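Data from my_file07.cif: mmCIF, C-alpha atoms
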data_final
loop_
_atom_site.label_atom_id
_atom_site.label_comp_id
_atom_site.auth_asym_id
_atom_site.auth_seq_id
_atom_site.Cartn_x
_atom_site.Cartn_y
_atom_site.Cartn_z
CA MET A 1 -16.55 -26.09 -13.93
CA ASP A 2 -18.44 -22.83 -14.40
CA ILE A 3 -16.67 -20.19 -12.31
CA ILE A 4 -17.33 -16.53 -11.49
CA VAL A 5 -14.38 -14.35 -10.47
CA ALA A 6 -15.47 -11.12 -8.77
CA GLY A 7 -12.63 -8.64 -9.25
CA ALA A 8 -10.26 -8.18 -12.21
CA GLY A 9 -7.26 -6.85 -10.27
CA GLY A 10 -3.90 -8.60 -9.91
CA VAL A 11 -5.28 -11.69 -8.14
CA GLY A 12 -8.45 -11.91 -10.23
CA PHE A 13 -6.52 -11.57 -13.48
CA ARG A 14 -4.07 -14.37 -12.58
CA LEU A 15 -6.90 -16.65 -11.41
CA ALA A 16 -8.93 -16.08 -14.56
CA LYS A 17 -5.88 -16.74 -16.71
CA VAL A 18 -4.99 -20.10 -15.14
CA LEU A 19 -8.59 -21.30 -14.61
CA SER A 20 -9.71 -20.48 -18.15
CA PHE A 21 -7.54 -23.29 -19.55
CA LYS A 22 -9.89 -25.95 -18.12
CA HIS A 23 -13.01 -24.10 -16.96
CA ASN A 24 -15.66 -21.65 -18.14
CA VAL A 25 -14.79 -18.38 -16.42
CA THR A 26 -16.85 -15.21 -16.03
CA VAL A 27 -15.15 -12.10 -14.62
CA ILE A 28 -17.07 -9.19 -13.07
CA ASP A 29 -15.57 -5.75 -12.39
CA LYS A 30 -16.54 -2.07 -12.72
CA ASN A 31 -13.10 -1.23 -14.14
CA GLU A 32 -13.71 -1.37 -17.89
CA GLU A 33 -10.02 -0.95 -18.75
CA ALA A 34 -9.07 -3.96 -16.58
CA LEU A 35 -11.80 -6.06 -18.20
CA ASN A 36 -10.69 -5.14 -21.72
CA ARG A 37 -7.09 -6.02 -20.88
CA LEU A 38 -8.31 -9.36 -19.55
CA GLN A 39 -10.46 -10.17 -22.56
CA ASN A 40 -7.63 -9.28 -24.94
CA SER A 41 -5.39 -11.78 -23.16
CA ILE A 42 -7.58 -14.81 -22.49
CA ASP A 43 -10.87 -16.43 -23.44
CA VAL A 44 -13.30 -15.44 -20.68
CA MET A 45 -16.73 -13.86 -20.44
CA ILE A 46 -16.66 -10.37 -18.92
CA ILE A 47 -19.40 -8.40 -17.20
CA HIS A 48 -18.92 -4.68 -16.64
CA GLY A 49 -20.62 -3.73 -13.39
CA ASN A 50 -20.44 -3.18 -9.66
CA ILE A 51 -20.20 -6.55 -7.86
CA GLU A 52 -22.07 -4.98 -4.93
CA ASP A 53 -25.10 -4.22 -7.13
CA PRO A 54 -27.66 -7.03 -7.67
CA ILE A 55 -28.45 -5.63 -11.13
CA THR A 56 -24.96 -6.67 -12.27
CA TYR A 57 -25.92 -10.34 -11.85
CA THR A 58 -29.04 -10.12 -14.07
CA LEU A 59 -27.32 -11.86 -16.99
CA LEU A 60 -26.40 -14.82 -14.75
CA THR A 61 -29.71 -15.60 -13.01
CA ASP A 62 -30.72 -18.33 -15.45
CA LYS A 63 -27.45 -20.28 -15.05
CA LYS A 64 -25.90 -22.52 -12.42
CA PHE A 65 -22.32 -22.03 -11.24
CA ASP A 66 -19.91 -24.33 -9.46
CA LEU A 67 -17.79 -21.64 -7.85
CA PHE A 68 -17.92 -17.96 -6.92
CA ILE A 69 -14.56 -16.32 -6.04
CA ALA A 70 -14.49 -12.81 -4.51
CA VAL A 71 -10.96 -11.38 -4.66
CA THR A 72 -11.11 -7.57 -4.64
CA ASP A 73 -8.86 -5.58 -2.26
CA SER A 74 -11.85 -4.74 -0.03
CA ASP A 75 -13.17 -7.11 2.65
CA GLU A 76 -16.50 -5.29 2.70
CA ILE A 77 -16.99 -5.57 -1.06
CA ASN A 78 -16.02 -9.27 -1.05
CA ILE A 79 -18.42 -10.05 1.80
CA ILE A 80 -21.31 -8.14 0.22
CA SER A 81 -20.74 -9.78 -3.16
CA THR A 82 -20.92 -13.27 -1.63
CA LEU A 83 -24.25 -12.34 -0.01
CA ILE A 84 -25.60 -11.08 -3.32
CA ALA A 85 -24.35 -14.19 -5.11
CA ASP A 86 -26.32 -16.36 -2.69
CA GLU A 87 -29.42 -14.26 -3.22
CA PHE A 88 -29.48 -13.82 -6.98
CA ILE A 89 -27.61 -16.71 -8.59
CA VAL A 90 -27.27 -20.46 -8.06
CA VAL A 91 -23.74 -21.30 -6.92
CA LYS A 92 -22.43 -24.45 -5.18
CA SER A 93 -19.30 -23.11 -3.46
CA LYS A 94 -17.84 -19.72 -2.56
CA ILE A 95 -14.26 -18.63 -1.95
CA ILE A 96 -13.42 -15.26 -0.43
CA ARG A 97 -10.24 -13.23 0.04
CA LEU A 98 -10.07 -11.29 3.32
CA ARG A 99 -7.44 -8.85 4.62
CA ASN A 100 -8.69 -8.55 8.21
CA THR A 101 -7.63 -11.55 10.31
CA PHE A 102 -10.46 -10.75 12.74
CA PHE A 103 -12.71 -12.70 10.41
CA ALA A 104 -10.52 -15.80 10.80
CA ASP A 105 -11.63 -16.15 14.43
CA SER A 106 -15.25 -15.22 13.80
CA SER A 107 -18.14 -17.28 12.49
CA ILE A 108 -18.60 -15.09 9.43
CA SER A 109 -17.53 -17.81 6.97
CA GLU A 110 -20.15 -20.17 8.35
CA LYS A 111 -22.85 -17.47 8.37
CA LEU A 112 -22.06 -16.51 4.78
CA ASN A 113 -21.90 -20.16 3.70
CA ILE A 114 -18.35 -19.67 2.45
CA SER A 115 -16.48 -22.84 1.49
CA PHE A 116 -12.97 -21.39 1.85
CA ALA A 117 -11.61 -18.08 3.14
CA VAL A 118 -8.03 -17.04 2.42
CA PHE A 119 -6.20 -14.51 4.59
CA PRO A 120 -3.16 -13.52 2.50
CA PHE A 121 -1.63 -11.02 4.96
CA ASP A 122 -1.77 -13.63 7.70
CA LEU A 123 -0.21 -16.25 5.37
CA THR A 124 2.73 -13.97 4.60
CA ALA A 125 3.22 -13.15 8.29
CA LYS A 126 3.11 -16.84 9.23
CA THR A 127 5.74 -17.66 6.59
CA LEU A 128 8.08 -15.15 8.22
CA GLU A 129 7.21 -16.50 11.67
CA SER A 130 8.29 -19.98 10.58
CA LEU A 131 11.71 -18.62 9.61
CA LEU A 132 12.37 -17.84 13.29
CA PHE A 133 12.63 -21.60 13.87
CA PHE A 134 14.51 -22.30 10.61
CA PRO A 135 16.66 -19.16 10.19
CA TYR A 136 18.81 -20.83 7.52
CA ALA A 137 15.77 -21.59 5.32
CA ASN A 138 14.41 -19.60 2.40
CA ASN A 139 10.94 -20.97 2.94
CA VAL A 140 9.11 -23.40 5.21
CA LYS A 141 5.87 -25.23 4.41
CA SER A 142 3.82 -27.18 6.95
CA PHE A 143 1.02 -29.59 6.05
CA ILE A 144 -2.15 -30.68 7.83
CA GLU A 145 -1.76 -34.29 6.66
CA VAL A 146 1.73 -35.03 7.98
CA ASN A 147 4.22 -33.90 10.63
CA GLN A 148 7.01 -33.45 8.10
CA LYS A 149 7.88 -30.03 6.69
CA LEU A 150 9.14 -28.92 3.30
CA ILE A 151 11.95 -26.37 3.50
CA SER A 152 14.21 -24.78 0.92
CA ILE A 153 17.82 -23.81 1.64
CA ARG A 154 20.40 -21.97 -0.45
CA ILE A 155 23.67 -23.84 -1.08
CA TYR A 156 26.81 -21.70 -0.94
CA GLU A 157 29.41 -24.17 -2.24
CA THR A 158 29.61 -27.16 -4.57
CA LEU A 159 28.77 -30.19 -2.47
CA ASN A 160 28.29 -33.93 -2.90
CA PRO A 161 24.96 -34.71 -1.15
CA ARG A 162 26.14 -38.26 -0.52
CA SER A 163 28.79 -36.86 1.84
CA LEU A 164 26.01 -35.98 4.29
CA SER A 165 23.83 -38.23 6.46
CA TRP A 166 20.23 -37.76 5.34
CA ASP A 167 18.62 -40.20 7.80
CA SER A 168 14.88 -39.91 7.16
CA LEU A 169 15.12 -36.76 5.03
CA LYS A 170 14.31 -36.64 1.33
CA ILE A 171 15.62 -34.27 -1.33
CA VAL A 172 12.50 -33.39 -3.31
CA GLY A 173 13.81 -30.90 -5.81
CA ILE A 174 16.47 -28.44 -6.89
CA GLU A 175 15.95 -25.00 -8.39
CA ARG A 176 18.90 -24.02 -10.56
CA ASP A 177 19.10 -21.29 -13.21
CA LYS A 178 15.34 -20.68 -13.06
CA SER A 179 14.59 -24.39 -13.67
CA PHE A 180 13.31 -27.11 -11.34
CA TYR A 181 14.28 -30.75 -11.43
CA PHE A 182 14.72 -33.82 -9.22
CA LEU A 183 18.22 -34.82 -8.14
CA LYS A 184 19.71 -37.64 -10.18
CA GLU A 185 21.90 -40.38 -8.72
CA ASN A 186 25.31 -38.80 -9.35
CA ASP A 187 24.32 -35.14 -9.19
CA SER A 188 26.02 -32.66 -6.87
CA PHE A 189 24.68 -29.52 -5.25
CA MET A 190 26.06 -26.44 -7.01
CA LYS A 191 26.71 -23.00 -5.60
CA ASP A 192 23.46 -20.96 -5.45
CA ASP A 193 21.21 -24.04 -5.83
CA LEU A 194 17.96 -23.82 -3.91
CA VAL A 195 17.47 -27.31 -2.45
CA TYR A 196 14.07 -28.57 -1.27
CA ILE A 197 14.16 -30.96 1.71
CA PHE A 198 11.22 -32.90 3.18
CA GLY A 199 11.30 -34.38 6.68
CA GLN A 200 11.01 -33.94 10.43
CA ASP A 201 12.09 -30.71 12.16
CA LYS A 202 14.86 -32.25 14.22
CA GLU A 203 16.40 -34.08 11.26
CA ILE A 204 16.34 -30.93 9.11
CA LYS A 205 18.03 -28.91 11.85
CA LYS A 206 20.64 -31.63 12.35
CA LEU A 207 21.48 -31.65 8.64
CA CYS A 208 21.63 -27.88 8.30
CA SER A 209 24.02 -27.61 11.24
CA LYS A 210 26.55 -29.50 9.06
CA LEU A 211 26.16 -27.23 6.04
CA LYS A 212 28.03 -24.00 5.42
CA LEU A 213 25.12 -21.58 5.36
CA ASP A 214 25.49 -17.79 5.39
CA MET A 215 22.59 -17.42 7.81
CA PRO A 216 22.24 -16.78 11.55
CA THR A 217 21.76 -19.82 13.80
CA LYS A 218 19.26 -17.92 15.95
CA VAL A 219 17.07 -14.88 15.35
CA LYS A 220 16.65 -12.50 18.28
CA ASN A 221 16.84 -8.94 16.90
CA ILE A 222 14.54 -8.10 13.99
CA VAL A 223 14.03 -4.93 11.97
CA ILE A 224 10.96 -4.46 9.77
CA PHE A 225 10.83 -1.66 7.19
CA GLY A 226 7.28 -0.50 6.49
CA ALA A 227 4.27 0.04 8.76
CA ASP A 228 1.51 -0.66 6.27
CA THR A 229 -1.01 -3.41 7.03
CA LEU A 230 1.49 -6.14 6.15
CA GLY A 231 4.35 -4.69 8.21
CA ILE A 232 2.10 -4.45 11.26
CA GLU A 233 0.77 -7.98 10.71
CA ILE A 234 4.34 -9.32 10.49
CA ALA A 235 5.33 -7.47 13.66
CA LEU A 236 2.32 -8.91 15.52
CA SER A 237 3.21 -12.47 14.50
CA LEU A 238 6.90 -12.19 15.33
CA SER A 239 6.27 -10.42 18.65
CA LYS A 240 4.66 -13.59 20.04
CA HIS A 241 8.14 -15.02 20.39
CA ASP A 242 11.25 -14.08 22.35
CA THR A 243 12.34 -11.36 19.93
CA LEU A 244 13.26 -7.67 19.97
CA ILE A 245 11.55 -5.92 17.07
CA LYS A 246 12.01 -2.47 15.56
CA LEU A 247 9.49 -1.20 13.01
CA VAL A 248 10.82 1.61 10.80
CA GLU A 249 8.43 3.93 8.94
CA SER A 250 8.84 7.42 7.42
CA ASP A 251 5.11 8.27 7.52
CA LEU A 252 4.21 9.69 10.95
CA TYR A 253 0.52 8.82 10.59
CA LYS A 254 1.36 5.17 9.88
CA CYS A 255 3.67 5.16 12.91
CA LYS A 256 0.78 6.32 15.11
CA GLN A 257 -1.45 3.59 13.70
CA ALA A 258 1.26 1.02 14.40
CA VAL A 259 1.59 2.23 18.00
CA ASP A 260 -2.18 1.84 18.50
CA VAL A 261 -2.12 -1.76 17.24
CA LEU A 262 1.21 -2.99 18.58
CA GLN A 263 1.18 -1.11 21.91
CA ASP A 264 4.51 -1.75 23.67
CA LYS A 265 5.33 -5.03 21.89
CA VAL A 266 7.48 -3.36 19.23
CA THR A 267 9.74 -0.29 19.06
CA ILE A 268 8.37 2.11 16.43
CA ILE A 269 10.95 4.32 14.70
CA ASN A 270 9.75 7.31 12.68
CA SER A 271 12.53 8.07 10.20
CA LYS A 272 11.84 10.79 7.68
CA TYR A 273 15.16 10.18 5.96
CA GLU A 274 16.00 6.46 5.71
CA GLY A 275 19.65 6.87 4.77
CA HIS A 276 22.71 4.88 5.74
CA ALA A 277 23.03 6.75 9.05
CA LEU A 278 19.83 5.07 10.19
CA PHE A 279 21.53 1.68 10.32
CA VAL A 280 24.14 2.99 12.74
CA GLU A 281 22.08 5.40 14.86
CA GLU A 282 19.22 2.97 15.51
CA GLY A 283 21.39 -0.14 15.79
CA ILE A 284 19.82 -1.72 12.72
CA SER A 285 23.21 -3.04 11.63
CA GLU A 286 23.11 -5.33 14.69
CA ALA A 287 19.93 -7.06 13.54
CA ASP A 288 19.84 -10.82 12.96
CA MET A 289 17.08 -10.37 10.39
CA VAL A 290 15.88 -7.42 8.30
CA ILE A 291 12.49 -7.57 6.55
CA ALA A 292 11.47 -5.10 3.84
CA SER A 293 7.68 -5.26 3.66
CA SER A 294 6.51 -2.57 1.25
CA THR A 295 4.43 -3.20 -1.88
CA ASN A 296 7.32 -1.81 -3.98
CA ASP A 297 9.79 -4.59 -4.77
CA GLU A 298 12.54 -2.21 -5.90
CA GLU A 299 12.32 -0.39 -2.57
CA ASN A 300 12.47 -3.72 -0.73
CA ILE A 301 15.56 -4.78 -2.69
CA ILE A 302 17.37 -1.52 -1.86
CA LYS A 303 16.59 -1.85 1.85
CA CYS A 304 17.90 -5.42 1.86
CA LEU A 305 21.09 -4.50 0.01
CA GLU A 306 21.72 -1.69 2.50
CA ALA A 307 21.28 -4.16 5.35
CA LYS A 308 23.69 -6.64 3.71
CA GLU A 309 26.22 -3.83 3.30
CA TYR A 310 26.13 -3.36 7.06
CA GLY A 311 26.66 -7.05 7.73
CA VAL A 312 23.12 -8.32 8.35
CA GLU A 313 23.12 -12.01 7.35
CA LYS A 314 19.41 -12.67 6.91
CA VAL A 315 17.65 -10.15 4.65
CA ILE A 316 14.11 -10.78 3.45
CA ALA A 317 12.14 -8.91 0.80
CA ILE A 318 8.41 -9.27 0.30
CA ASN A 319 8.09 -10.30 -3.34
CA ASN A 320 5.02 -8.77 -5.00
CA ASP A 321 6.19 -8.96 -8.63
CA MET A 322 7.23 -12.49 -9.65
CA GLU A 323 9.40 -10.97 -12.40
CA LEU A 324 11.81 -9.84 -9.66
CA TYR A 325 11.85 -13.15 -7.77
CA TYR A 326 15.04 -14.45 -9.41
CA LEU A 327 16.80 -11.10 -9.15
CA MET A 328 16.23 -11.17 -5.39
CA HIS A 329 17.79 -14.61 -5.17
CA LYS A 330 20.74 -13.57 -7.32
CA LEU A 331 21.38 -10.74 -4.87
CA GLY A 332 21.34 -13.08 -1.86
CA ILE A 333 17.93 -11.86 -0.69
CA VAL A 334 15.31 -14.25 0.63
CA ALA A 335 12.11 -13.63 -1.36
CA VAL A 336 8.85 -14.25 0.50
CA ARG A 337 5.52 -14.28 -1.31
CA GLY A 338 3.51 -11.09 -0.93
CA PRO A 339 -0.18 -11.15 0.05
CA LYS A 340 -1.53 -11.09 -3.51
CA THR A 341 0.67 -13.98 -4.61
CA ASN A 342 -0.29 -15.91 -1.47
CA ALA A 343 -3.97 -15.31 -2.21
CA TYR A 344 -3.55 -16.59 -5.77
CA TYR A 345 -1.67 -19.78 -4.84
CA SER A 346 -3.96 -20.60 -1.90
CA ILE A 347 -7.06 -20.36 -4.08
CA VAL A 348 -5.52 -22.35 -6.94
CA GLU A 349 -4.43 -25.08 -4.49
CA GLN A 350 -7.89 -25.18 -2.94
CA ILE A 351 -9.59 -25.57 -6.33
CA ALA A 352 -7.10 -28.27 -7.39
CA SER A 353 -7.64 -30.26 -4.18
CA THR A 354 -10.45 -32.78 -3.76
CA THR A 355 -12.13 -34.52 -0.84
CA LEU A 356 -9.55 -37.31 -1.26
CA VAL A 357 -6.39 -35.48 -2.29
CA HIS A 358 -4.85 -32.28 -0.99
CA LYS A 359 -2.53 -30.34 -3.30
CA ARG A 360 0.20 -27.79 -2.51
CA GLN A 361 2.57 -26.04 -4.89
CA TYR A 362 6.19 -25.08 -4.38
CA CYS A 363 9.13 -23.59 -6.28
CA GLY A 364 6.92 -20.83 -7.68
CA GLY A 365 4.39 -23.32 -9.06
CA LYS A 366 6.99 -25.35 -10.97
CA ALA A 367 6.33 -28.36 -8.73
CA SER A 368 3.54 -29.69 -6.54
CA VAL A 369 3.03 -32.18 -3.75
CA LEU A 370 -0.12 -34.33 -3.50
CA PHE A 371 -1.28 -35.98 -0.29
CA ARG A 372 -3.79 -38.82 0.11
CA HIS A 373 -4.58 -39.85 3.68
CA ILE A 374 -5.83 -43.38 4.33
CA ASN A 375 -8.39 -43.00 7.11
CA LYS A 376 -10.51 -45.69 8.74
CA ASP A 377 -13.25 -45.23 6.13
CA SER A 378 -10.96 -45.26 3.10
CA GLU A 379 -11.77 -47.73 0.36
CA LEU A 380 -8.01 -48.35 0.10
CA LEU A 381 -7.61 -49.56 3.69
CA GLU A 382 -5.88 -52.98 3.77
CA LYS A 383 -5.83 -53.04 -0.04
CA LYS A 384 -2.81 -53.70 -2.27
CA VAL A 385 -1.73 -50.62 -4.20
CA ARG A 386 0.82 -50.56 -7.00
CA PRO A 387 3.23 -47.61 -7.28
CA PHE A 388 2.82 -44.97 -9.96
CA LYS A 389 4.67 -45.54 -13.23
CA GLY A 390 5.38 -42.28 -15.02
CA GLU A 391 7.86 -39.43 -15.35
CA GLU A 392 9.29 -36.61 -13.23
CA PHE A 393 7.96 -37.62 -9.83
CA LEU A 394 8.96 -38.91 -6.39
CA LEU A 395 6.57 -41.20 -4.53
CA TYR A 396 6.60 -41.93 -0.79
CA LEU A 397 4.50 -43.65 1.82
CA ILE A 398 4.48 -42.02 5.26
CA ARG A 399 3.77 -44.47 8.05
CA GLY A 400 4.10 -42.99 11.52
CA ASP A 401 7.15 -40.73 11.42
CA SER A 402 8.99 -42.67 8.72
CA ILE A 403 9.13 -41.75 5.02
CA GLU A 404 9.36 -44.90 2.91
CA VAL A 405 10.04 -44.98 -0.82
CA PHE A 406 6.89 -46.28 -2.51
CA ASP A 407 8.41 -48.34 -5.34
CA GLU A 408 6.66 -51.71 -4.89
CA VAL A 409 3.19 -53.06 -4.14
CA ARG A 410 2.13 -52.07 -0.63
CA ILE A 411 -0.79 -53.03 1.62
CA LEU A 412 -2.11 -49.77 3.05
CA GLU A 413 -2.80 -49.29 6.75
CA GLU A 414 -4.92 -46.79 8.64
CA ASP A 415 -3.30 -43.31 8.83
CA ASP A 416 -0.82 -44.05 6.02
CA VAL A 417 -0.29 -41.04 3.77
CA ILE A 418 0.67 -41.38 0.11
CA VAL A 419 2.81 -38.41 -0.96
CA LEU A 420 3.64 -37.63 -4.59
CA PHE A 421 6.05 -34.85 -5.55
CA GLY A 422 5.82 -33.99 -9.22
CA THR A 423 6.75 -31.38 -11.81
CA LEU A 424 4.33 -29.04 -13.53
CA LYS A 425 4.79 -30.77 -16.90
CA TYR A 426 3.13 -34.02 -15.78
CA LYS A 427 0.73 -32.63 -13.16
CA GLU A 428 -2.40 -34.04 -14.81
CA GLU A 429 -1.01 -37.63 -14.90
CA HIS A 430 0.12 -37.37 -11.27
CA LYS A 431 -3.20 -35.97 -10.12
CA PHE A 432 -5.22 -38.58 -12.04
CA TRP A 433 -3.24 -41.49 -10.56
CA ILE A 434 -3.50 -40.46 -6.91
CA ASN A 435 -7.20 -39.59 -7.24
CA HIS A 436 -8.08 -42.89 -8.93
CA LEU A 437 -6.14 -45.45 -6.90
#
Structure rendered as structure tokens:
Amino acid sequence: MDIIVAGAGGVGFRLAKVLSFKHNVTVIDKNEEALNRLQNSIDVMIIHGNIEDPITYTLLTDKKFDLFIAVTDSDEINIISTLIADEFIVVKSKIIRLRNTFFADSSISEKLNISFAVFPFDLTAKTLESLLFFPYANNVKSFIEVNQKLISIRIYETLNPRSLSWDSLKIVGIERDKSFYFLKENDSFMKDDLVYIFGQDKEIKKLCSKLKLDMPTKVKNIVIFGADTLGIEIALSLSKHDTLIKLVESDLYKCKQAVDVLQDKVTIINSKYEGHALFVEEGISEADMVIASSTNDEENIIKCLEAKEYGVEKVIAINNDMELYYLMHKLGIVAVRGPKTNAYYSIVEQIASTTLVHKRQYCGGKASVLFRHINKDSELLEKKVRPFKGEEFLLYLIRGDSIEVFDEVRILEEDDVIVLFGTLKYKEEHKFWINHL
């Protein structure tokens, strides 16, 4: 495909880097230093200019593009650039990154003829909201195609998985020592393994009740450090539930902004000095969950370690720099993707998906899950389909609420869903098979 990326910041850089392997990528930005850094790293075409200025697009008016992606930090700039793209160049589809969740409930995407809008702050907040229902989990993923969820849990002791009743649950991966792999027949769970489980809510909760997990069984009292846009968005999401929330911020102006948005839903604490005394004086040490939401990962780690020192079981750090992801896990901190990382993965998943197959990534992009739904108009309906023969994958057929191993020829029925979990190494073979059944 021929792709334009508007914005060479953190998200734009990562998108250009991964997309340039298979596509022709053009990057536009007014930051010449960012463009030079990009061009020195990867093979892309760069255009130095303001993406809000029609003159910038002069070099592109005689070409046709498959995709325009606007990913600057400004909603206004992204919206304007998509309007200009429609006016001055020929482009089939447009993807936009938006901070303000107001646009999610408006008709702006339709009016701007946008194919896909990603709201990274909302995605991060919703991830944390899901942990209220699975407090022992490190992460929870839901899917539009199936009722099952994909959760990851940290194992705190060596354990034989065959000693547990899995019912309709499936183990779909283990992250150990920075590597991902599928469980082999005689493998055991090791201390500090991150185990990925796929199945129904009730079955997951039943299993986790039998495991020794250093996590609360219920989350009622929550403390959030940081009243920037993300901290406020998280507080809004969590306040919809039966929770008591304290939002701690040293900047008085940010506290006032938080009060205006959150009203009386959350207790706002202005703390100029966020020392150890704060945990005792404000009752933070009694929290079931502490969330550090700043854009500075080191600051988030320190806040979480302080909370652990005072006995808080569930500590969560927003992870903005993937280089610190494993350090957070080593320290017993749950790392949740920050907005920029969420924007990147959502856009990559959207581009990788097709009208037939939906793709999601997990384990930091080391693995993916592919879904193909058999609807009433599917060419595969009532047809015999042979299972995939390849490497590093797990293949299932979901029929109703049951997950069946897809290891023999099956006749497909309406509303069946073929699900393929695979590693990054063989992603092209996996994707080709499920798209060309």
| What's the 7 Å shell around Glu129 of chain A, counting all atoms listed in the file, without same-chain residues fewer than 3 positions away, as a count of residues only? | 5
Answer key for the PyMOL selection byres ((chain A and resi 153) around 9), residues as a compact mmCIF listing (two decimals) with C-alpha atoms, in the coordinates of the input:
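Resulting contents of part-v6.txt:
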# COMPACT_ATOMS: atom_id res chain seq x y z
CA TYR A 136 18.81 -20.83 7.52
CA ALA A 137 15.77 -21.59 5.32
CA ASN A 138 14.41 -19.60 2.40
CA ASN A 139 10.94 -20.97 2.94
CA ILE A 151 11.95 -26.37 3.50
CA SER A 152 14.21 -24.78 0.92
CA ARG A 154 20.40 -21.97 -0.45
CA ILE A 155 23.67 -23.84 -1.08
CA ASP A 193 21.21 -24.04 -5.83
CA LEU A 194 17.96 -23.82 -3.91
CA VAL A 195 17.47 -27.31 -2.45
CA TYR A 196 14.07 -28.57 -1.27
CA ILE A 197 14.16 -30.96 1.71
CA CYS A 208 21.63 -27.88 8.30
CA LEU A 213 25.12 -21.58 5.36
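With all atoms listed in the file as the basis for measurement, A:Lys210 is the residue among A:Lys22, A:Arg14, A:Lys92, A:Lys210 that approaches Ser163 of chain A most closely.
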| query | Which residue, A:Ile411, A:Lys64, A:His48, A:Val71, has the smallest gap to Tyr344 of chain A when you use all atoms listed in the file? | reply |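 Answer, going by the shortest atom-to-atom distance: A:Val71.
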To box segment 369-372 of chain A, take all atoms listed in the file, fit an axis-aligned box, add 4 Å on each side, and give centre and edge lengths in Å to one decimal, as JSON.
{"center_x": -0.4, "center_y": -35.5, "center_z": -1.8, "size_x": 14.8, "size_y": 14.6, "size_z": 11.9}
| Atom-to-atom span, atom CA of Thr26 of chain A and atom CA of Arg97 of chain A, Å | 17.5 Å
| field | Output check: residues returned by the PyMOL selection byres ((chain A and resi 7) around 7), as a list in words | value | Val5, Ala6, Ala8, Gly9, Gly12, Val27, Ile28, Asp29, Ala70, Val71 and Thr72 of chain A
| request: Could you please determine the separation between atom CA of Ser106 of chain A and atom CA of Asn375 of chain A in Å, to one decimal place? | output: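 Computing it gives 29.4 Å between the two atoms.
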| task | Determine the residue set returned by the PyMOL selection byres ((chain A and resi 396) around 8) for the present structure, and present it as a PyMOL selection string. | result | chain A and resi 394-395+397-398+403-406+418-420
| field | Nearest residue to Lys17 of chain A from the set A:Leu159, A:Ile234, A:Val348, A:Val172 (distances using all atoms listed in the file) | value | A:Val348
| said: Would you compute the distance between atom CA of Lys431 of chain A and atom CA of Leu370 of chain A? Give it in Å to one decimal. | reply: 7.5 Å
Might you pull out every residue within 10 Å of Lys330 of chain A, with all atoms listed in the file counted and same-chain residues fewer than 6 positions away left off, and present them as a PDB file with C-alpha atoms, in the frame of the given file?
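around00.pdb written:
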ATOM      1  CA  ASP A 177      19.100 -21.290 -13.210  1.00  0.00           C
ATOM      2  CA  ASP A 192      23.460 -20.960  -5.450  1.00  0.00           C
ATOM      3  CA  LEU A 324      11.810  -9.840  -9.660  1.00  0.00           C
TER       4      LEU A 324
END
| said: List as a ChimeraX atom specification the protein and nucleic acid residues near Leu412 of chain A, meaning an atom at most 10 Å away when all atoms listed in the file are counted, but skip any in the same chain fewer than 4 places from it. | reply: /A:374,378,380-385,397,399,416-418
| query | Of the candidates A:Lys30, A:Lys184, A:Lys425, A:Lys308, which one gets nearest to Lys366 of chain A if we count all atoms listed in the file? | reply |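 Once distances to Lys366 of chain A are computed over all atoms listed in the file, the minimum belongs to A:Lys425.
In this comparison, which uses all atoms listed in the file, the residue of A:Ala317, A:Ile284, A:Ala277, A:Leu83 approaching Asn296 of chain A most closely is A:Ala317.
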| task | Check the smallest atom-to-atom distance from each of A:Asn24, A:Phe119, A:Glu392, A:Ser188 to Glu429 of chain A using all atoms listed in the file, then report the winner. | result |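 The answer is A:Glu392, which sits nearest to Glu429 of chain A.
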| task | For Trp433 of chain A, work out the shell of residues within 10 Å, counting only C-alpha atoms and skipping chain neighbours fewer than 4 positions away, then give it as an MDAnalysis selection string. | result | chainID A and resid 387:390 420 428:429 437
| task | Please write as an MDAnalysis selection string the list of polymer residues whose atoms come within 12 Å of (-5.7, -13.1, -24.5), counting all atoms listed in the file and keeping to the coordinates of the file. | result | chainID A and resid 13 16:18 20:21 35:45
Can I get the selection written as a tab-separated table (two decimals), in the coordinates of the input, with C-alpha atoms?
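Saved as again_37.tsv:
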chain	number	residue	atom	x	y	z
A	13	PHE	CA	-6.52	-11.57	-13.48
A	16	ALA	CA	-8.93	-16.08	-14.56
A	17	LYS	CA	-5.88	-16.74	-16.71
A	18	VAL	CA	-4.99	-20.10	-15.14
A	20	SER	CA	-9.71	-20.48	-18.15
A	21	PHE	CA	-7.54	-23.29	-19.55
A	35	LEU	CA	-11.80	-6.06	-18.20
A	36	ASN	CA	-10.69	-5.14	-21.72
A	37	ARG	CA	-7.09	-6.02	-20.88
A	38	LEU	CA	-8.31	-9.36	-19.55
A	39	GLN	CA	-10.46	-10.17	-22.56
A	40	ASN	CA	-7.63	-9.28	-24.94
A	41	SER	CA	-5.39	-11.78	-23.16
A	42	ILE	CA	-7.58	-14.81	-22.49
A	43	ASP	CA	-10.87	-16.43	-23.44
A	44	VAL	CA	-13.30	-15.44	-20.68
A	45	MET	CA	-16.73	-13.86	-20.44
| task | Extract, using all atoms listed in the file, all DNA, RNA and protein residues at most 9 Å from Gly338 of chain A, discarding same-chain residues fewer than 6 positions from it, and format them as a list of chain:residue names. | result |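 After dropping sequence-adjacent residues, the list is A:Pro120, A:Phe121, A:Leu123, A:Thr124, A:Leu230, A:Ser293, A:Thr295, A:Ile318, A:Asn319, A:Asn320, A:Asp321.
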